[in-house]
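What follows is a set of notes on a single structure, which appears directly below.
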Amino acid sequence: MKMSFSHLISQCSLLWLLLFLLAIVNAVPKSEEYKTYIIHMDHTHRPTSFLTHESWHRSILNSLLSSPVDDDDKELLLYSYSHVMHGFSARLTPSQLAKIEESPAHLATVPGSTGKLMTTYSPKFLGLQQNFGIWPAASYGEDVIVGIIDSGIWPERESFNDEGMSPVPQRWKGECENGTAFSPSYCNRKLIGARSFSKGIRAKGHDISKEEEFDSARDFVGHGSHTASTAAGNYVPGVSHFGYARGTAIGVAPRAHLAIYKVAWLKGKFEAPDVLAGMEQAILDGVDIMSLSLGLSDQIPYFADVIAKGSLSAVEKGIFVVCAAGNDYLYKTISNAAPWITTVGAGTLDRSFHATITLGNGVPIEGTSYFPESVFITDIPLYYNKGNLSKAICNDKALDIKDVSGKVVLCDYSTNITTSQQIVEVQRAGAFAAIFLTDASFSLSAEEYSIPSLILPTASGTLVKEYVTKVRNPKVKDMRFVLTRYGTKPAPQVANYSSKGPNPISPGVLKPDILAPGDDVVAAVAPTRPYIQVSKYNLSSDYQFISGTSMATPHVAGVGALLKAIHPEWSPAAIRSAIMTTAYAEDNTGTVFKSQLLDLESASPLEFGAGHINPNKAMDPGLIYDMGLQDYIEFVCGLGYTKKQMSVILRRTQWRCSNKSIHDLNYPSFMAVLPTKTRYPVTMKFSRVVTNVGNNKAVYRAYLENIPTGLRISVKPRTLTFTRKYQTRSFLVSVELDKEFPGVIHGFLKWVDQDSHIVSSPIVAINF
């Protein structure tokens with residue numbers, strides 16, 4: 001019977017272990033260079049013969065030496081960690097590192113790096129400042145409880161430390177469950193609850209204990225840790241992502257408490273019973289905010305949608321529910337579109353990551369790159385086969401190893417192959433580095449940069465092609481990586497993957513509601529899974545880039561927590577209204593947001609909703625469009641569901657319907673849906689009620705902006721006068737179209753008062 005290495009270790013004595021390891025390790029060659037690495041270890045592999053983690057770590061490192069002390073008279077171990085992580089930092093040669101990585105106890109390796117203090121940026125991009133605006137006004141979200149329904153948490157991350165946190169609120173009813181590699185002792189005043197739900201996934205035949213997974217609230221895949229730290233991570237100085245985005249990590253609501261509900265398993269799979277159980281427990285525990293960066297694969301009626309049903313129950317209890325719009329790129333693909341859910345799309349930041357190349361003729365060119373090592377490449381031959389189209393575009397199996405090995409390869413743009421496929425081909429052929437020509441700078445995700453490479457726009461690529469085809473022995477004089485730039489224009493853009501509306505289940509409600517940072521968000525992750533493979537090494541990092549609407553969602557959850565701290569009496573609809581009506585829809589060039597999917601053509605509210613979130617404005621919106629459970633009952637009444645279906649979603653056997661139009665749902669946006677057989681001209685009317693949450697006395701006047709030709713809008717009355725706070729006023733919007741129009745058109749209604757409150761709502765008309 002063959003015995004595993006880990007089983008062997010667990011059965012042997014300390015002396016036998018040391019003799020075994022010494023027998024298989026040779027002396028370290030003097031020519032090998034020492035470097036600093038952080039080694040993540042699975043602490044469950046620690047033999048019982050070692051009383052502490054540090055003694056185990058020292059034994060591992062001593063076994064790598066031919067004598068107790070290395071040639072530089074310095075021991076290998078720098079620090080042994082058992083709280084912020086499980087593992088150690090050490091000085092190692094490549095051969096020593098390779099021996100450690102052969103161990104079944106090894107999880108991941110992170111090269112040591114040096115950084116300087118700067119923000120990791122999305123909070124700064126949102127305008128959050130220490131001594132101004134919503135942060136100090138909200139006491140950074142103090143005493144608000146944010147529930148994260150996701151893949152769990154890695155509690156040792158410094159983002160979840162409780163320094164400066166207020167005591168656990170007395171109203172809290174949750175707990176931290178014991179489980180695999182997770183103890184209630186991991187919880188503190190920041191992380192106040194952690195539970196897991198897996199009966200649904202087990203019922204599908206999965207044995208969690210035999211999979212690459214933790215049977216507990218501990219995060220295996222890293223997704224939940226990222227969303228939690230983005231929403232409410234505590235202050236952590238000196239983090240970086242392989243040298244990029246060096247600086248301070250901090251969540252949107254850093255003083256809010258976190259409650260974790262693990263429902264996603266096995267690399268992100270989840271089952272509806274587990275999600276619903278997690279949502280129910282969060283409600284029972286007493287969360288104020290519920291963040292779900294997950295969604296169902298199909299757009300199904302709300303009575304069959306567990307997230308729609310669970311979130312309506314949460315909203316009824318006063319919980320602000322935030323969900324991801326989805327990452328399905330196209331129109332009519334949006335998820336989580338029920339009107340009681342705040343649905344979030346993903347936008348870019350004005351931060352970009354670069355590499356520079358200097359050609360042999362001295363011409364410098366800059367491109368996009370996420371290659372994670374700070375390498376400096378000099379005097380490398382440059383390869384480009386102009387005479388062979390297949391080789392020029394780096395087609396699959398086209399490159400010859402003897403032609404490109406050890407060279408920098410230039411890959412031309414082609415519609416027949418993706419950049420992701422090109423980098424695989426270039427790496428297969430043994431190239432040292434690569435240059436890809438495409439105008440889509442986002443065509444490679446950060447984790448795909450497995451060799452030194454950069455993306456150049458086709459205009460810059462022309463200079464490279466001219467040089468490589470005219471010079472007898474073209475070369476790259478130098479290439480530099482790990483460069484970060486701020487102020488990139490245009491920004492924000494709508495991320496290409498962000499799902500777009502309308503939602504077929506209820507197209508009369510504009511979705512998404514809001515845009516938030518979702519591209520290249522840096523936050524805490526679990527160290528169990530490598531982030532990227534460079535050469536033969538799997539690299540991991542405590543803080544990593546992740547992109548998706550699932551990353552945009554916790555930003556809005558964090559802002560919701562800040563607003564809840566300032567306005568504890570506000571309903572979930574009031575919080576969403578404040579976020580939507582204070583959003584902005586112009587980028588840093590002063591024009592309407594661009595869409596990455598449409599090659600930077602202008603986007604529409606079907607992609608960005610009311611606009612990009614603006615937290616400092618949201619805390620003082622002036623007016624809000626408020627709603628309660630009866631408003632949502634009226635909405636569901638209009639969907640044509642049977643009595644049984646209504647009962648399923650409303651969780652009651654009796655309700656009242658007054659046959660209101662969907663146009664009368666008191667939503668902070670206006671959506672005119674015109675079927676293909678509509679007879680023109682046509683007029684649609686929308687009634688709304690706004691509540692004054694600003695000064696006692698205020699006069700608001702209606703302004704219409706960016707109204708396109710063919711769309712006529714009238715507002716009655718055009719002036720709203722308030723004499724006290726919380727007073728309500730009604731108005732009617734009429735949307736008239738003379739003739740059929742192409743696709744989607746939109747404008748904005750803005751109510752403006754004497755105190756510079758601007759209450760903005762998109763008005764959208766679509767052919768559906």
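Naming works like this for the structure tokens: A, B, ... for the chains as they're shown, residue 1 at the start of each chain, ligands 1 onward in shown order.
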Strand (DSSP E) call set, DSSP backbone run, stretch 202-366 of chain A, as a ChimeraX atom specification: /A:236-241,244-249,257-262,264-265,269-270,289-292,320-324,342-347,351-359,364-366
Who sits within 10 Å of A:Asp755, only C-alpha atoms, same chain under 5 positions skipped, as a list in words: Gly622, Gly694, Asn695, Ala698, Val699 and Tyr700 of chain A
Contact residues around A:Ser420 with only C-alpha atoms at 10 Å, ignoring same-chain residues under 4 positions, as number ranges by chain: A: 424-425, 443-445, 448-449
Which of A:Gln421, A:Ala434, A:Leu312, A:Arg351 sits closest to A:Val409 [using only C-alpha atoms]: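 Residue with the minimum atom-to-atom distance to A:Val409: A:Ala434.
Here atom CA of A:Lys511 stands at a distance of 21.0 Å from atom CA of A:Gln630.
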Output as JSON lines one row per residue of stretch 662-691 of chain A within 12 Å of stretch 339-346 of chain A: the closest atom pair and its distance in Å to one decimal place, counting only C-alpha atoms, sorted by chain and residue number ascending.
```
{"residue": "A:Ile662", "atom": "CA", "partner": "A:Pro339", "partner_atom": "CA", "distance": 10.8}
{"residue": "A:Leu665", "atom": "CA", "partner": "A:Pro339", "partner_atom": "CA", "distance": 9.1}
{"residue": "A:Asn666", "atom": "CA", "partner": "A:Pro339", "partner_atom": "CA", "distance": 10.0}
{"residue": "A:Tyr667", "atom": "CA", "partner": "A:Pro339", "partner_atom": "CA", "distance": 8.1}
{"residue": "A:Pro668", "atom": "CA", "partner": "A:Pro339", "partner_atom": "CA", "distance": 10.6}
{"residue": "A:Ser669", "atom": "CA", "partner": "A:Pro339", "partner_atom": "CA", "distance": 11.1}
```
So that I have them on file, write out the residues from the current selection with C-alpha atoms, as a compact mmCIF listing (two decimals), in the first residue's frame.
```txt
# COMPACT_ATOMS: atom_id res chain seq x y z
CA ILE A 662 -46.39 49.72 -13.13
CA LEU A 665 -44.38 52.36 -8.81
CA ASN A 666 -42.62 55.13 -6.90
CA TYR A 667 -39.24 54.39 -8.45
CA PRO A 668 -36.46 57.00 -8.83
CA SER A 669 -36.30 56.36 -12.60
```
Stretch 75-77 of chain A surroundings by only C-alpha atoms, 12 Å radius, close-in-sequence under 6 positions cut, as an NGL selection string: :A and (34-39 or 54-65 or 67-69 or 87-93 or 96-97)
All residues 6 Å or closer to stretch 218-224 of chain A, only C-alpha atoms, same chain fewer than 3 positions away omitted, as a list in words: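 Skipping anything fewer than 3 positions along the chain leaves Asp150, Ser151, Gly152, Ile153, Trp154, Glu213, Thr227, Lys267, Val525 and Ala526 of chain A.
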Those selected residues, please, written with N, CA and C atoms and delivered as a CSV table (one decimal), in the first residue's frame.
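Final output, saved to result.csv:
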```csv
chain,number,residue,atom,x,y,z
A,150,ASP,N,-22.0,34.9,0.7
A,150,ASP,CA,-21.0,34.7,-0.4
A,150,ASP,C,-20.3,33.3,-0.1
A,151,SER,N,-18.9,33.3,-0.3
A,151,SER,CA,-18.2,32.1,-0.2
A,151,SER,C,-17.4,32.0,1.1
A,152,GLY,N,-17.7,32.8,2.1
A,152,GLY,CA,-17.1,32.7,3.4
A,152,GLY,C,-16.1,33.8,3.6
A,153,ILE,N,-15.1,33.6,4.5
A,153,ILE,CA,-14.2,34.6,4.9
A,153,ILE,C,-12.9,34.0,5.3
A,154,TRP,N,-11.7,34.7,5.1
A,154,TRP,CA,-10.4,34.3,5.6
A,154,TRP,C,-10.2,35.2,6.8
A,213,GLU,N,-12.1,22.2,-0.2
A,213,GLU,CA,-13.0,23.1,0.4
A,213,GLU,C,-12.9,23.0,1.9
A,227,THR,N,-15.2,40.5,-1.1
A,227,THR,CA,-16.4,41.4,-1.0
A,227,THR,C,-16.6,41.9,0.4
A,267,LYS,N,-15.5,26.2,-5.6
A,267,LYS,CA,-15.1,27.1,-6.6
A,267,LYS,C,-16.3,28.0,-7.1
A,525,VAL,N,-8.1,38.5,0.1
A,525,VAL,CA,-8.6,37.3,-0.4
A,525,VAL,C,-8.0,36.1,0.4
A,526,ALA,N,-8.5,34.9,0.1
A,526,ALA,CA,-7.9,33.7,0.8
A,526,ALA,C,-6.7,33.3,0.1
```
Nearest residue to A:Phe481 from the set A:Pro301, A:Gly640, A:Gly367, A:Pro457 (distances using only C-alpha atoms):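 Closest to A:Phe481 of all the choices is A:Gly367.
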Stretch 404-652 of chain A: residues DSSP assigns to helix (DSSP H, G or I), reported as a PyMOL selection string: chain A and resi 404+419-428+446-448+458-470+549-566+572-581+605-608+615-618+629-637+643-650
Residues near A:Val252, cut-off 6 Å, only C-alpha atoms, skip fewer than 4 positions along chain, as an MDAnalysis selection string: chainID A and resid 231:232 558
Write out the residues from the selection above, keeping N, CA, C and O atoms, as a JSON list (two decimals), in the first residue's frame.
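The resulting again_9.json:
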```
[["chain", "number", "residue", "atom", "x", "y", "z"],
["A", 231, "ALA", "N", -16.56, 45.99, 1.27],
["A", 231, "ALA", "CA", -17.70, 46.65, 1.91],
["A", 231, "ALA", "C", -17.32, 47.30, 3.22],
["A", 231, "ALA", "O", -17.68, 48.46, 3.48],
["A", 232, "ALA", "N", -16.57, 46.58, 4.07],
["A", 232, "ALA", "CA", -16.37, 47.07, 5.43],
["A", 232, "ALA", "C", -15.03, 46.67, 6.03],
["A", 232, "ALA", "O", -14.91, 46.54, 7.24],
["A", 558, "GLY", "N", -21.47, 49.06, 1.22],
["A", 558, "GLY", "CA", -20.74, 49.92, 2.15],
["A", 558, "GLY", "C", -21.34, 51.31, 2.24],
["A", 558, "GLY", "O", -21.48, 51.87, 3.33]]
```
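Minimum atom-to-atom distance to A:Glu705, evaluated using only C-alpha atoms, belongs to A:Trp751 out of A:Phe593, A:Phe214, A:Phe731, A:Trp751.
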